[in-house]
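Text of target.txt, listed as compact mmCIF, C-alpha atoms:
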# COMPACT_ATOMS: atom_id res chain seq x y z
CA MET P 1 29.63 29.67 -66.54
CA ALA P 2 28.73 26.28 -68.05
CA ASN P 3 31.12 24.62 -65.63
CA LEU P 4 29.63 26.50 -62.68
CA MET P 5 26.04 25.65 -63.62
CA LYS P 6 26.60 21.93 -64.09
CA PRO P 7 26.83 21.08 -60.38
CA VAL P 8 23.77 23.25 -59.73
CA PHE P 9 21.70 21.34 -62.32
CA ALA P 10 23.05 18.08 -60.91
CA ALA P 11 22.06 19.11 -57.39
CA VAL P 12 18.58 20.19 -58.52
CA SER P 13 18.13 16.88 -60.37
CA VAL P 14 19.06 14.98 -57.22
CA ILE P 15 16.54 16.98 -55.19
CA VAL P 16 13.73 16.46 -57.74
CA PHE P 17 14.60 12.77 -57.98
CA SER P 18 14.61 12.48 -54.16
CA ALA P 19 11.24 14.22 -53.96
CA GLY P 20 9.89 11.67 -56.46
CA ILE P 21 11.17 8.81 -54.33
CA ALA P 22 9.78 10.46 -51.20
CA ALA P 23 6.33 10.83 -52.79
CA ALA P 24 6.32 7.21 -53.99
CA GLN P 25 7.50 6.04 -50.55
CA GLN P 26 4.79 8.04 -48.84
CA GLY P 27 2.17 6.50 -51.15
CA SER P 28 3.46 3.05 -50.25
CA ASP P 29 3.44 3.96 -46.54
CA GLN P 30 -0.19 5.14 -46.77
CA ALA P 31 -1.15 1.88 -48.46
CA LYS P 32 0.63 -0.15 -45.78
CA ILE P 33 -1.09 1.76 -42.97
CA LYS P 34 -4.46 1.31 -44.67
CA LYS P 35 -3.73 -2.41 -44.86
CA VAL P 36 -3.01 -2.51 -41.11
CA LEU P 37 -6.41 -0.89 -40.49
CA THR P 38 -8.35 -3.28 -42.73
CA THR P 39 -6.49 -6.25 -41.24
CA TYR P 40 -7.36 -4.95 -37.78
CA GLU P 41 -11.04 -4.76 -38.75
CA THR P 42 -10.99 -8.36 -40.02
CA ALA P 43 -9.17 -9.60 -36.91
CA LEU P 44 -11.59 -7.80 -34.56
CA ASN P 45 -14.59 -9.36 -36.30
CA ALA P 46 -12.93 -12.78 -36.09
CA SER P 47 -12.08 -12.32 -32.37
CA ASP P 48 -8.53 -13.20 -33.45
CA THR P 49 -6.11 -11.96 -30.78
CA GLY P 50 -3.13 -13.59 -32.53
CA ALA P 51 -3.77 -11.67 -35.75
CA ILE P 52 -4.22 -8.42 -33.80
CA MET P 53 -0.95 -8.88 -31.92
CA LYS P 54 0.93 -9.05 -35.24
CA LEU P 55 -0.30 -5.50 -35.94
CA TYR P 56 0.97 -4.01 -32.67
CA ALA P 57 4.44 -2.72 -31.86
CA ASP P 58 6.13 -4.67 -29.05
CA ASP P 59 5.82 -1.61 -26.83
CA GLY P 60 2.38 -0.68 -28.19
CA VAL P 61 -0.33 0.77 -25.94
CA PHE P 62 -4.02 -0.20 -26.16
CA MET P 63 -6.39 2.17 -24.35
CA PRO P 64 -9.78 0.45 -24.26
CA GLN P 65 -12.80 2.25 -22.86
CA HIS P 66 -13.73 1.07 -19.33
CA SER P 67 -10.16 -0.13 -18.68
CA PRO P 68 -6.83 1.44 -17.74
CA SER P 69 -4.28 1.79 -20.57
CA GLN P 70 -2.61 -1.51 -21.45
CA VAL P 71 1.12 -1.03 -22.07
CA GLY P 72 3.27 -3.57 -23.95
CA ALA P 73 2.50 -6.77 -25.84
CA ASP P 74 1.63 -8.99 -22.84
CA ALA P 75 -0.88 -6.51 -21.40
CA VAL P 76 -2.34 -5.74 -24.85
CA ARG P 77 -2.83 -9.46 -25.61
CA GLU P 78 -4.54 -10.09 -22.27
CA ALA P 79 -6.87 -7.13 -22.83
CA TYR P 80 -8.00 -8.39 -26.25
CA GLU P 81 -8.50 -11.92 -24.89
CA HIS P 82 -10.67 -10.39 -22.18
CA VAL P 83 -12.67 -8.38 -24.77
CA PHE P 84 -13.26 -11.42 -27.00
CA GLU P 85 -14.36 -13.54 -24.03
CA ALA P 86 -17.04 -10.95 -23.33
CA ILE P 87 -18.22 -9.84 -26.78
CA THR P 88 -18.29 -10.71 -30.47
CA LEU P 89 -18.05 -7.82 -32.92
CA ASP P 90 -19.42 -7.37 -36.41
CA ILE P 91 -18.27 -3.88 -37.32
CA GLU P 92 -16.92 -1.81 -40.19
CA PHE P 93 -14.25 0.87 -40.04
CA GLU P 94 -14.44 4.06 -42.03
CA ILE P 95 -11.00 5.65 -42.42
CA VAL P 96 -11.42 9.42 -41.98
CA GLU P 97 -7.73 10.34 -42.32
CA ILE P 98 -4.27 8.84 -42.42
CA LEU P 99 -1.58 11.47 -41.86
CA GLN P 100 2.11 10.60 -42.08
CA VAL P 101 3.93 13.24 -40.04
CA ALA P 102 7.50 11.85 -40.17
CA PRO P 103 9.33 9.12 -42.11
CA ASP P 104 8.48 6.62 -39.36
CA TRP P 105 5.42 8.10 -37.64
CA ALA P 106 1.81 8.51 -38.69
CA PHE P 107 -1.61 8.73 -37.15
CA ALA P 108 -5.07 7.80 -38.33
CA ARG P 109 -8.58 8.74 -37.32
CA THR P 110 -11.45 6.37 -37.99
CA ASN P 111 -15.09 5.72 -37.16
CA SER P 112 -16.52 2.27 -36.67
CA SER P 113 -20.05 1.00 -36.46
CA GLY P 114 -21.91 -2.28 -36.42
CA LEU P 115 -23.13 -4.89 -33.99
CA VAL P 116 -21.83 -6.18 -30.69
CA LYS P 117 -23.05 -9.47 -29.22
CA ILE P 118 -22.73 -10.22 -25.51
CA ASN P 119 -21.34 -13.76 -25.51
CA THR P 120 -22.89 -14.87 -22.20
CA THR P 121 -26.45 -13.84 -23.10
CA GLY P 122 -26.40 -13.76 -26.89
CA ASP P 123 -27.96 -10.29 -26.73
CA GLY P 124 -27.00 -7.98 -29.58
CA ALA P 125 -26.81 -4.20 -29.79
CA SER P 126 -25.66 -1.62 -32.27
CA GLU P 127 -22.35 0.08 -31.54
CA GLY P 128 -20.58 3.20 -32.77
CA ASN P 129 -17.06 4.33 -31.92
CA GLN P 130 -14.39 6.82 -32.93
CA GLU P 131 -10.73 5.81 -32.94
CA LEU P 132 -7.32 7.44 -32.94
CA PHE P 133 -4.28 5.35 -33.93
CA VAL P 134 -0.59 6.30 -33.76
CA PHE P 135 1.58 4.17 -36.04
CA ARG P 136 5.34 3.65 -36.02
CA LYS P 137 7.36 2.24 -38.89
CA ARG P 138 9.79 -0.45 -37.85
CA ASP P 139 13.30 -0.78 -39.30
CA ASP P 140 12.01 -3.57 -41.57
CA GLY P 141 9.54 -1.12 -43.18
CA GLU P 142 6.44 -2.56 -41.48
CA TRP P 143 4.03 -0.12 -39.86
CA LYS P 144 2.79 -1.15 -36.40
CA ILE P 145 0.17 0.20 -34.00
CA ALA P 146 2.09 2.21 -31.38
CA ARG P 147 -0.90 3.75 -29.55
CA TYR P 148 -4.62 3.12 -29.99
CA ILE P 149 -7.63 4.57 -28.22
CA PHE P 150 -11.34 4.53 -28.98
CA SER P 151 -14.49 5.86 -27.38
CA THR P 152 -18.16 5.36 -28.02
CA THR P 153 -20.02 7.93 -30.10
CA SER P 154 -23.39 6.73 -28.75
CA PRO P 155 -25.19 9.11 -26.38
CA ARG P 156 -24.73 8.51 -22.67
CA PRO P 157 -27.40 6.10 -21.36
CA ARG P 158 -29.98 7.95 -19.22
CA MET M 1 47.13 17.03 -44.09
CA ALA M 2 46.47 19.97 -41.79
CA ASN M 3 44.72 21.76 -44.66
CA LEU M 4 42.61 18.74 -45.52
CA MET M 5 41.58 18.17 -41.92
CA LYS M 6 40.44 21.73 -41.23
CA PRO M 7 37.20 21.53 -43.23
CA VAL M 8 36.44 18.17 -41.64
CA PHE M 9 36.79 19.61 -38.13
CA ALA M 10 34.74 22.60 -39.19
CA ALA M 11 32.00 20.32 -40.56
CA VAL M 12 32.00 18.18 -37.41
CA SER M 13 31.77 21.33 -35.27
CA VAL M 14 28.76 22.49 -37.25
CA ILE M 15 27.04 19.12 -36.82
CA VAL M 16 27.74 19.02 -33.06
CA PHE M 17 26.58 22.63 -32.74
CA SER M 18 23.39 21.84 -34.71
CA ALA M 19 22.71 18.80 -32.55
CA GLY M 20 23.06 21.05 -29.50
CA ILE M 21 20.53 23.49 -30.94
CA ALA M 22 18.21 20.61 -31.87
CA ALA M 23 18.38 19.19 -28.34
CA ALA M 24 17.74 22.61 -26.78
CA GLN M 25 14.85 23.21 -29.21
CA GLN M 26 13.36 19.83 -28.37
CA GLY M 27 13.61 20.62 -24.65
CA SER M 28 11.81 23.90 -25.27
CA ASP M 29 9.15 22.11 -27.36
CA GLN M 30 8.56 19.56 -24.58
CA ALA M 31 8.17 22.39 -22.08
CA LYS M 32 5.71 24.18 -24.35
CA ILE M 33 3.62 21.04 -24.86
CA LYS M 34 3.63 20.38 -21.11
CA LYS M 35 2.41 23.97 -20.60
CA VAL M 36 -0.47 23.36 -23.06
CA LEU M 37 -1.49 20.31 -21.00
CA THR M 38 -1.38 22.11 -17.65
CA THR M 39 -3.25 25.09 -19.14
CA TYR M 40 -5.85 22.65 -20.50
CA GLU M 41 -6.28 21.13 -17.03
CA THR M 42 -6.80 24.58 -15.48
CA ALA M 43 -9.27 25.63 -18.21
CA LEU M 44 -11.28 22.38 -17.88
CA ASN M 45 -11.60 22.87 -14.11
CA ALA M 46 -12.68 26.50 -14.68
CA SER M 47 -15.25 25.47 -17.37
CA ASP M 48 -13.46 28.07 -19.52
CA THR M 49 -14.24 27.35 -23.17
CA GLY M 50 -12.45 30.53 -24.32
CA ALA M 51 -9.19 29.45 -22.70
CA ILE M 52 -9.53 25.96 -24.16
CA MET M 53 -10.09 27.29 -27.68
CA LYS M 54 -6.75 29.12 -27.52
CA LEU M 55 -5.06 25.73 -27.09
CA TYR M 56 -6.64 24.14 -30.17
CA ALA M 57 -5.49 24.35 -33.78
CA ASP M 58 -8.06 26.03 -36.05
CA ASP M 59 -8.65 22.67 -37.73
CA GLY M 60 -8.36 20.72 -34.48
CA VAL M 61 -10.54 17.68 -33.75
CA PHE M 62 -12.11 16.95 -30.35
CA MET M 63 -13.39 13.40 -29.94
CA PRO M 64 -15.45 13.35 -26.73
CA GLN M 65 -16.91 10.11 -25.43
CA HIS M 66 -20.66 9.79 -26.11
CA SER M 67 -20.44 12.21 -29.07
CA PRO M 68 -19.34 12.08 -32.70
CA SER M 69 -15.92 13.65 -33.47
CA GLN M 70 -16.06 17.45 -33.53
CA VAL M 71 -13.99 18.84 -36.42
CA GLY M 72 -12.80 22.48 -36.56
CA ALA M 73 -12.92 25.38 -34.11
CA ASP M 74 -16.69 26.09 -34.31
CA ALA M 75 -17.69 22.50 -33.64
CA VAL M 76 -15.05 22.10 -30.91
CA ARG M 77 -16.23 25.28 -29.13
CA GLU M 78 -19.85 24.17 -29.23
CA ALA M 79 -18.93 20.76 -27.82
CA TYR M 80 -17.07 22.26 -24.83
CA GLU M 81 -19.93 24.71 -24.16
CA HIS M 82 -22.27 21.71 -24.14
CA VAL M 83 -19.97 19.82 -21.74
CA PHE M 84 -19.69 22.74 -19.32
CA GLU M 85 -23.45 23.29 -19.33
CA ALA M 86 -23.87 19.71 -18.18
CA ILE M 87 -20.97 19.14 -15.77
CA THR M 88 -18.32 20.84 -13.63
CA LEU M 89 -14.95 19.13 -13.38
CA ASP M 90 -12.38 19.05 -10.62
CA ILE M 91 -9.68 16.82 -12.03
CA GLU M 92 -5.93 16.41 -12.25
CA PHE M 93 -3.91 15.24 -15.24
CA GLU M 94 -0.93 12.94 -14.95
CA ILE M 95 1.33 13.20 -18.01
CA VAL M 96 2.48 9.67 -18.88
CA GLU M 97 4.49 10.59 -21.99
CA ILE M 98 5.16 13.43 -24.40
CA LEU M 99 6.81 12.20 -27.59
CA GLN M 100 7.93 14.63 -30.28
CA VAL M 101 8.08 12.62 -33.52
CA ALA M 102 8.85 15.42 -36.01
CA PRO M 103 9.91 19.08 -35.81
CA ASP M 104 6.24 20.13 -35.83
CA TRP M 105 4.37 17.07 -34.56
CA ALA M 106 4.13 15.39 -31.19
CA PHE M 107 1.73 13.27 -29.21
CA ALA M 108 1.04 12.88 -25.51
CA ARG M 109 -0.64 10.26 -23.37
CA THR M 110 -2.16 11.20 -20.04
CA ASN M 111 -4.43 9.94 -17.29
CA SER M 112 -6.87 12.14 -15.43
CA SER M 113 -8.89 11.63 -12.28
CA GLY M 114 -11.02 13.63 -9.92
CA LEU M 115 -14.61 14.65 -9.43
CA VAL M 116 -17.43 15.46 -11.81
CA LYS M 117 -20.51 17.36 -10.65
CA ILE M 118 -23.79 17.15 -12.58
CA ASN M 119 -24.84 20.81 -12.78
CA THR M 120 -28.62 20.20 -12.86
CA THR M 121 -28.69 17.99 -9.77
CA GLY M 122 -25.52 18.95 -7.92
CA ASP M 123 -24.68 15.25 -7.65
CA GLY M 124 -20.98 14.43 -7.64
CA ALA M 125 -19.08 11.34 -8.69
CA SER M 126 -15.49 10.29 -9.09
CA GLU M 127 -14.16 10.09 -12.63
CA GLY M 128 -11.12 8.52 -14.29
CA ASN M 129 -10.07 8.87 -17.92
CA GLN M 130 -7.19 8.19 -20.29
CA GLU M 131 -6.30 10.66 -23.02
CA LEU M 132 -4.35 10.76 -26.27
CA PHE M 133 -3.36 14.15 -27.71
CA VAL M 134 -1.77 14.92 -31.09
CA PHE M 135 -0.04 18.31 -31.16
CA ARG M 136 1.06 20.39 -34.13
CA LYS M 137 3.53 23.26 -33.97
CA ARG M 138 2.36 26.36 -35.78
CA ASP M 139 4.67 28.58 -37.86
CA ASP M 140 4.84 30.99 -34.91
CA GLY M 141 6.35 28.25 -32.73
CA GLU M 142 3.21 27.66 -30.65
CA TRP M 143 2.08 24.07 -30.12
CA LYS M 144 -1.65 23.49 -30.56
CA ILE M 145 -3.98 20.54 -29.97
CA ALA M 146 -4.56 18.97 -33.39
CA ARG M 147 -6.46 15.86 -32.27
CA TYR M 148 -7.71 14.87 -28.81
CA ILE M 149 -9.62 11.82 -27.62
CA PHE M 150 -10.34 10.44 -24.17
CA SER M 151 -12.20 7.49 -22.73
CA THR M 152 -13.21 6.47 -19.24
CA THR M 153 -11.05 4.00 -17.35
CA SER M 154 -13.89 3.19 -14.95
CA PRO M 155 -15.44 -0.28 -15.28
CA ARG M 156 -18.60 -0.54 -17.37
CA PRO M 157 -21.70 0.01 -15.20
CA ARG M 158 -23.57 -3.26 -14.64

Please express the file's structure as structure tokens.
Amino acid sequence: MANLMKPVFAAVSVIVFSAGIAAAQQGSDQAKIKKVLTTYETALNASDTGAIMKLYADDGVFMPQHSPSQVGADAVREAYEHVFEAITLDIEFEIVEILQVAPDWAFARTNSSGLVKINTTGDGASEGNQELFVFRKRDDGEWKIARYIFSTTSPRPR
Amino acid sequence: MANLMKPVFAAVSVIVFSAGIAAAQQGSDQAKIKKVLTTYETALNASDTGAIMKLYADDGVFMPQHSPSQVGADAVREAYEHVFEAITLDIEFEIVEILQVAPDWAFARTNSSGLVKINTTGDGASEGNQELFVFRKRDDGEWKIARYIFSTTSPRPR
């Protein structure tokens, strides 16, 4: 009996140990994804396309309001350059949820609010948006933005 | 040697067989998710909130442009009722990608275009949007909309 039980205990220990590693890994993944979001906020407010591009997957998709979806790094970069030519942002993100659904996939839902300045006129306005991010973990352990879409939460102008 | 090899062949057969099942299951999941999207298109064009609610997870989130995120079935239902009071849609969805990232999670990216009629005035206009859906598979094998956001692809009005 003792001999039969030993492998069972060993197997259970391995499972419990693995679950511990998995939980710790997931905590670390959450922290990394949160860091991507806060870095994105900082980069947006600095109109820093270079810093934003480091957060995107090479085949990432940016889906900005009032524009067709921008697929792949070159298109994404051009879209952000276009945005930062037009406006300067001073906004804050509130992270509503980060949900890791697979070892290398997660999504996050956020709200953002703050000020937008039209660069050509200097006019400012308040701005509110909701965002949905899909993240993919690369082989090197870094989480990157795979898909990203936002839309305004402000009422339709009448 | 023959005796040693037998279990190996058996194990390999099991793995190949499992992979076959997994591939077939994934094909079936893709088909089910595609069906949710086409049913959603039909329900939108019929202004049928009841049909739409059957496609959403109980804790689903609808993130309509010009509105805060609507969390949970009651809020989602109310938002669609509000939409269908205001407008009547005649649109088509183009599915750009459906990506299953875990046994019970997937996301889809689509484009939609067509006509929107303002119910109070009868005025019509063309409309183009991009959409990002997150789907979750329920225990009963049905895929439901867990998160859904869209934004217009039309240029900003000047």

Moved coordinates, chain M onto chain P, all Cα atoms, as a short mmCIF file (atom, residue, chain, number, x, y, z; two decimals) with C-alpha atoms, keeping the file's coordinate frame:
data_model
loop_
_atom_site.label_atom_id
_atom_site.label_comp_id
_atom_site.auth_asym_id
_atom_site.auth_seq_id
_atom_site.Cartn_x
_atom_site.Cartn_y
_atom_site.Cartn_z
CA MET M 1 29.09 29.65 -67.34
CA ALA M 2 28.26 26.24 -68.78
CA ASN M 3 30.75 24.67 -66.36
CA LEU M 4 29.34 26.54 -63.39
CA MET M 5 25.76 25.63 -64.24
CA LYS M 6 26.34 21.90 -64.62
CA PRO M 7 26.70 21.14 -60.90
CA VAL M 8 23.64 23.27 -60.19
CA PHE M 9 21.53 21.28 -62.67
CA ALA M 10 22.95 18.08 -61.26
CA ALA M 11 22.06 19.17 -57.71
CA VAL M 12 18.54 20.18 -58.74
CA SER M 13 18.09 16.83 -60.50
CA VAL M 14 19.11 15.01 -57.35
CA ILE M 15 16.64 17.01 -55.26
CA VAL M 16 13.77 16.44 -57.73
CA PHE M 17 14.67 12.75 -57.92
CA SER M 18 14.76 12.51 -54.10
CA ALA M 19 11.40 14.25 -53.83
CA GLY M 20 10.02 11.69 -56.29
CA ILE M 21 11.34 8.84 -54.14
CA ALA M 22 9.98 10.52 -51.00
CA ALA M 23 6.53 10.90 -52.56
CA ALA M 24 6.52 7.28 -53.76
CA GLN M 25 7.70 6.10 -50.32
CA GLN M 26 4.98 8.12 -48.63
CA GLY M 27 2.37 6.59 -50.95
CA SER M 28 3.66 3.14 -50.05
CA ASP M 29 3.60 4.02 -46.33
CA GLN M 30 -0.02 5.23 -46.58
CA ALA M 31 -0.96 1.98 -48.31
CA LYS M 32 0.77 -0.06 -45.63
CA ILE M 33 -0.96 1.83 -42.81
CA LYS M 34 -4.32 1.43 -44.57
CA LYS M 35 -3.61 -2.33 -44.80
CA VAL M 36 -2.93 -2.45 -41.03
CA LEU M 37 -6.33 -0.83 -40.43
CA THR M 38 -8.24 -3.19 -42.72
CA THR M 39 -6.40 -6.19 -41.24
CA TYR M 40 -7.32 -4.91 -37.76
CA GLU M 41 -10.99 -4.69 -38.78
CA THR M 42 -10.93 -8.28 -40.08
CA ALA M 43 -9.15 -9.58 -36.95
CA LEU M 44 -11.59 -7.77 -34.61
CA ASN M 45 -14.58 -9.31 -36.41
CA ALA M 46 -12.92 -12.76 -36.22
CA SER M 47 -12.12 -12.32 -32.46
CA ASP M 48 -8.55 -13.20 -33.52
CA THR M 49 -6.17 -11.98 -30.82
CA GLY M 50 -3.17 -13.61 -32.55
CA ALA M 51 -3.77 -11.65 -35.75
CA ILE M 52 -4.23 -8.44 -33.78
CA MET M 53 -0.97 -8.91 -31.88
CA LYS M 54 0.94 -9.03 -35.18
CA LEU M 55 -0.28 -5.49 -35.86
CA TYR M 56 0.96 -4.03 -32.56
CA ALA M 57 4.43 -2.77 -31.71
CA ASP M 58 6.08 -4.76 -28.90
CA ASP M 59 5.76 -1.71 -26.65
CA GLY M 60 2.35 -0.75 -28.03
CA VAL M 61 -0.39 0.69 -25.81
CA PHE M 62 -4.08 -0.27 -26.07
CA MET M 63 -6.44 2.10 -24.28
CA PRO M 64 -9.86 0.39 -24.23
CA GLN M 65 -12.88 2.18 -22.84
CA HIS M 66 -13.85 0.96 -19.35
CA SER M 67 -10.28 -0.25 -18.66
CA PRO M 68 -6.96 1.29 -17.66
CA SER M 69 -4.38 1.67 -20.48
CA GLN M 70 -2.71 -1.63 -21.36
CA VAL M 71 1.03 -1.15 -21.94
CA GLY M 72 3.19 -3.70 -23.82
CA ALA M 73 2.41 -6.88 -25.76
CA ASP M 74 1.49 -9.12 -22.77
CA ALA M 75 -1.00 -6.66 -21.33
CA VAL M 76 -2.44 -5.85 -24.78
CA ARG M 77 -2.93 -9.56 -25.59
CA GLU M 78 -4.68 -10.19 -22.28
CA ALA M 79 -6.99 -7.23 -22.84
CA TYR M 80 -8.09 -8.46 -26.29
CA GLU M 81 -8.62 -12.00 -24.96
CA HIS M 82 -10.82 -10.48 -22.26
CA VAL M 83 -12.77 -8.46 -24.85
CA PHE M 84 -13.36 -11.46 -27.11
CA GLU M 85 -14.50 -13.61 -24.19
CA ALA M 86 -17.17 -11.03 -23.47
CA ILE M 87 -18.32 -9.87 -26.91
CA THR M 88 -18.35 -10.70 -30.63
CA LEU M 89 -18.06 -7.79 -33.04
CA ASP M 90 -19.41 -7.29 -36.53
CA ILE M 91 -18.23 -3.81 -37.41
CA GLU M 92 -16.85 -1.73 -40.24
CA PHE M 93 -14.17 0.95 -40.04
CA GLU M 94 -14.32 4.17 -42.00
CA ILE M 95 -10.86 5.75 -42.34
CA VAL M 96 -11.28 9.51 -41.88
CA GLU M 97 -7.58 10.43 -42.18
CA ILE M 98 -4.12 8.91 -42.25
CA LEU M 99 -1.43 11.53 -41.63
CA GLN M 100 2.25 10.64 -41.82
CA VAL M 101 4.07 13.27 -39.74
CA ALA M 102 7.63 11.86 -39.85
CA PRO M 103 9.46 9.15 -41.80
CA ASP M 104 8.59 6.61 -39.08
CA TRP M 105 5.51 8.07 -37.38
CA ALA M 106 1.93 8.53 -38.46
CA PHE M 107 -1.51 8.77 -36.95
CA ALA M 108 -4.97 7.84 -38.18
CA ARG M 109 -8.49 8.78 -37.20
CA THR M 110 -11.37 6.43 -37.92
CA ASN M 111 -15.01 5.79 -37.14
CA SER M 112 -16.47 2.33 -36.70
CA SER M 113 -20.02 1.05 -36.53
CA GLY M 114 -21.86 -2.22 -36.54
CA LEU M 115 -23.14 -4.82 -34.14
CA VAL M 116 -21.87 -6.16 -30.84
CA LYS M 117 -23.13 -9.46 -29.43
CA ILE M 118 -22.85 -10.25 -25.71
CA ASN M 119 -21.47 -13.80 -25.74
CA THR M 120 -23.06 -14.94 -22.46
CA THR M 121 -26.59 -13.88 -23.39
CA GLY M 122 -26.51 -13.77 -27.18
CA ASP M 123 -28.05 -10.29 -27.00
CA GLY M 124 -27.05 -7.94 -29.80
CA ALA M 125 -26.85 -4.17 -29.98
CA SER M 126 -25.66 -1.57 -32.42
CA GLU M 127 -22.36 0.11 -31.63
CA GLY M 128 -20.56 3.24 -32.84
CA ASN M 129 -17.05 4.35 -31.93
CA GLN M 130 -14.35 6.83 -32.88
CA GLU M 131 -10.70 5.82 -32.87
CA LEU M 132 -7.27 7.44 -32.82
CA PHE M 133 -4.24 5.35 -33.80
CA VAL M 134 -0.54 6.28 -33.58
CA PHE M 135 1.64 4.16 -35.86
CA ARG M 136 5.40 3.64 -35.80
CA LYS M 137 7.44 2.24 -38.67
CA ARG M 138 9.85 -0.47 -37.62
CA ASP M 139 13.38 -0.80 -39.04
CA ASP M 140 12.09 -3.55 -41.34
CA GLY M 141 9.66 -1.10 -42.95
CA GLU M 142 6.54 -2.53 -41.30
CA TRP M 143 4.11 -0.10 -39.68
CA LYS M 144 2.83 -1.15 -36.26
CA ILE M 145 0.19 0.19 -33.86
CA ALA M 146 2.09 2.16 -31.21
CA ARG M 147 -0.90 3.69 -29.40
CA TYR M 148 -4.63 3.08 -29.89
CA ILE M 149 -7.65 4.53 -28.12
CA PHE M 150 -11.34 4.50 -28.93
CA SER M 151 -14.51 5.83 -27.35
CA THR M 152 -18.18 5.35 -28.04
CA THR M 153 -20.02 7.94 -30.11
CA SER M 154 -23.39 6.74 -28.80
CA PRO M 155 -25.22 9.11 -26.44
CA ARG M 156 -24.79 8.46 -22.72
CA PRO M 157 -27.47 6.05 -21.45
CA ARG M 158 -30.05 7.87 -19.33
#

Kindly give the distance, in Å, that separates atom CA of M:Glu97 and atom CA of M:Leu132, rounded to a single decimal.
9.8 Å

Pick the closest to chain P from M:Tyr80, M:Phe135, M:Tyr40, M:Phe150: which is it, counting all atoms listed in the file?
M:Phe150

Can you write out as a tab-separated table which residues of stretch 78-145 of chain M fall within 12 Å of stretch 63-68 of chain M, alongside each residue's closest atom pair and its distance in Å to one decimal, counting all atoms listed in the file and ordering rows by chain and ascending residue number?
residue	atom	partner	partner_atom	distance
M:Glu78	CA	M:Pro64	CA	11.9
M:Ala79	CA	M:Pro64	CA	8.3
M:Tyr80	CA	M:Pro64	CA	9.3
M:His82	CA	M:Ser67	CA	10.9
M:Val83	CA	M:Pro64	CA	9.3
M:Asn129	CA	M:Gln65	CA	10.2
M:Gln130	CA	M:Gln65	CA	11.2
M:Glu131	CA	M:Pro64	CA	10.2
M:Leu132	CA	M:Met63	CA	10.1
M:Phe133	CA	M:Met63	CA	10.3
M:Val134	CA	M:Met63	CA	11.8
M:Ile145	CA	M:Met63	CA	11.8

Nearest to M:Glu142 by atom-to-atom distance, counting all atoms listed in the file, from M:Thr110, M:Ile98, M:Leu55, M:Gly50
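With all atoms listed in the file as the atom set, the closest residue is M:Leu55.
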
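Residues within 10 Å of M:Glu127, counting only C-alpha atoms and excluding same-chain residues fewer than 6 positions away, are Leu89, Asp90, Ile91, Ser112, Ser113, Gly114, Leu115, Val116, Lys117, Thr152, Thr153 and Ser154 of chain M.
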
Store the residues picked out above in a file with C-alpha atoms, as a short mmCIF file (atom, residue, chain, number, x, y, z; two decimals), keeping the file's coordinate frame.
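Listed below is the output, result.cif:
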data_model
loop_
_atom_site.label_atom_id
_atom_site.label_comp_id
_atom_site.auth_asym_id
_atom_site.auth_seq_id
_atom_site.Cartn_x
_atom_site.Cartn_y
_atom_site.Cartn_z
CA LEU M 89 -14.95 19.13 -13.38
CA ASP M 90 -12.38 19.05 -10.62
CA ILE M 91 -9.68 16.82 -12.03
CA SER M 112 -6.87 12.14 -15.43
CA SER M 113 -8.89 11.63 -12.28
CA GLY M 114 -11.02 13.63 -9.92
CA LEU M 115 -14.61 14.65 -9.43
CA VAL M 116 -17.43 15.46 -11.81
CA LYS M 117 -20.51 17.36 -10.65
CA THR M 152 -13.21 6.47 -19.24
CA THR M 153 -11.05 4.00 -17.35
CA SER M 154 -13.89 3.19 -14.95
#

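Taking atom CA of P:Ala24 and atom CA of P:Pro103 as the two end points, the separation is 12.4 Å.
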
Option closest in space to chain M, from P:Lys144, P:Arg138, P:Ser69, P:Glu94 [counting only C-alpha atoms]:
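Checking each candidate against chain M, we get P:Ser69 as the closest.
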
What is the atom CA of M:Gly27 to atom CA of M:Ala102 distance in Å?
13.4 Å

Here is a test: counting only C-alpha atoms, which residue of P:Ala108, P:Ala51, P:Ala125, P:Ala46 is nearest to chain M?
P:Ala108

Edge lengths and centre in Å to one decimal, as JSON, of the axis-aligned box that encloses all listed atoms of stretch 149-157 of chain P with 4 Å added on every side?
{"center_x": -17.5, "center_y": 6.8, "center_z": -25.7, "size_x": 27.8, "size_y": 12.6, "size_z": 16.7}

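You can rank P:Ile95, P:Ala43, P:Val61, P:Val76 by their closest distance to chain M using only C-alpha atoms, and at the top of that list sits P:Val61.
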
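Closest approach to M:Glu41 from the set M:Asp104, M:Asp74, M:Asn111, M:Arg147 is made by M:Asn111, with distances taken over only C-alpha atoms.
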
Using only C-alpha atoms, what residues lie at most 7 Å away from (-17.6, 23.5, -13.2) (file coordinates), given as JSON, numbers by chain?
{"M": [45, 46, 47, 84, 87, 88, 89]}
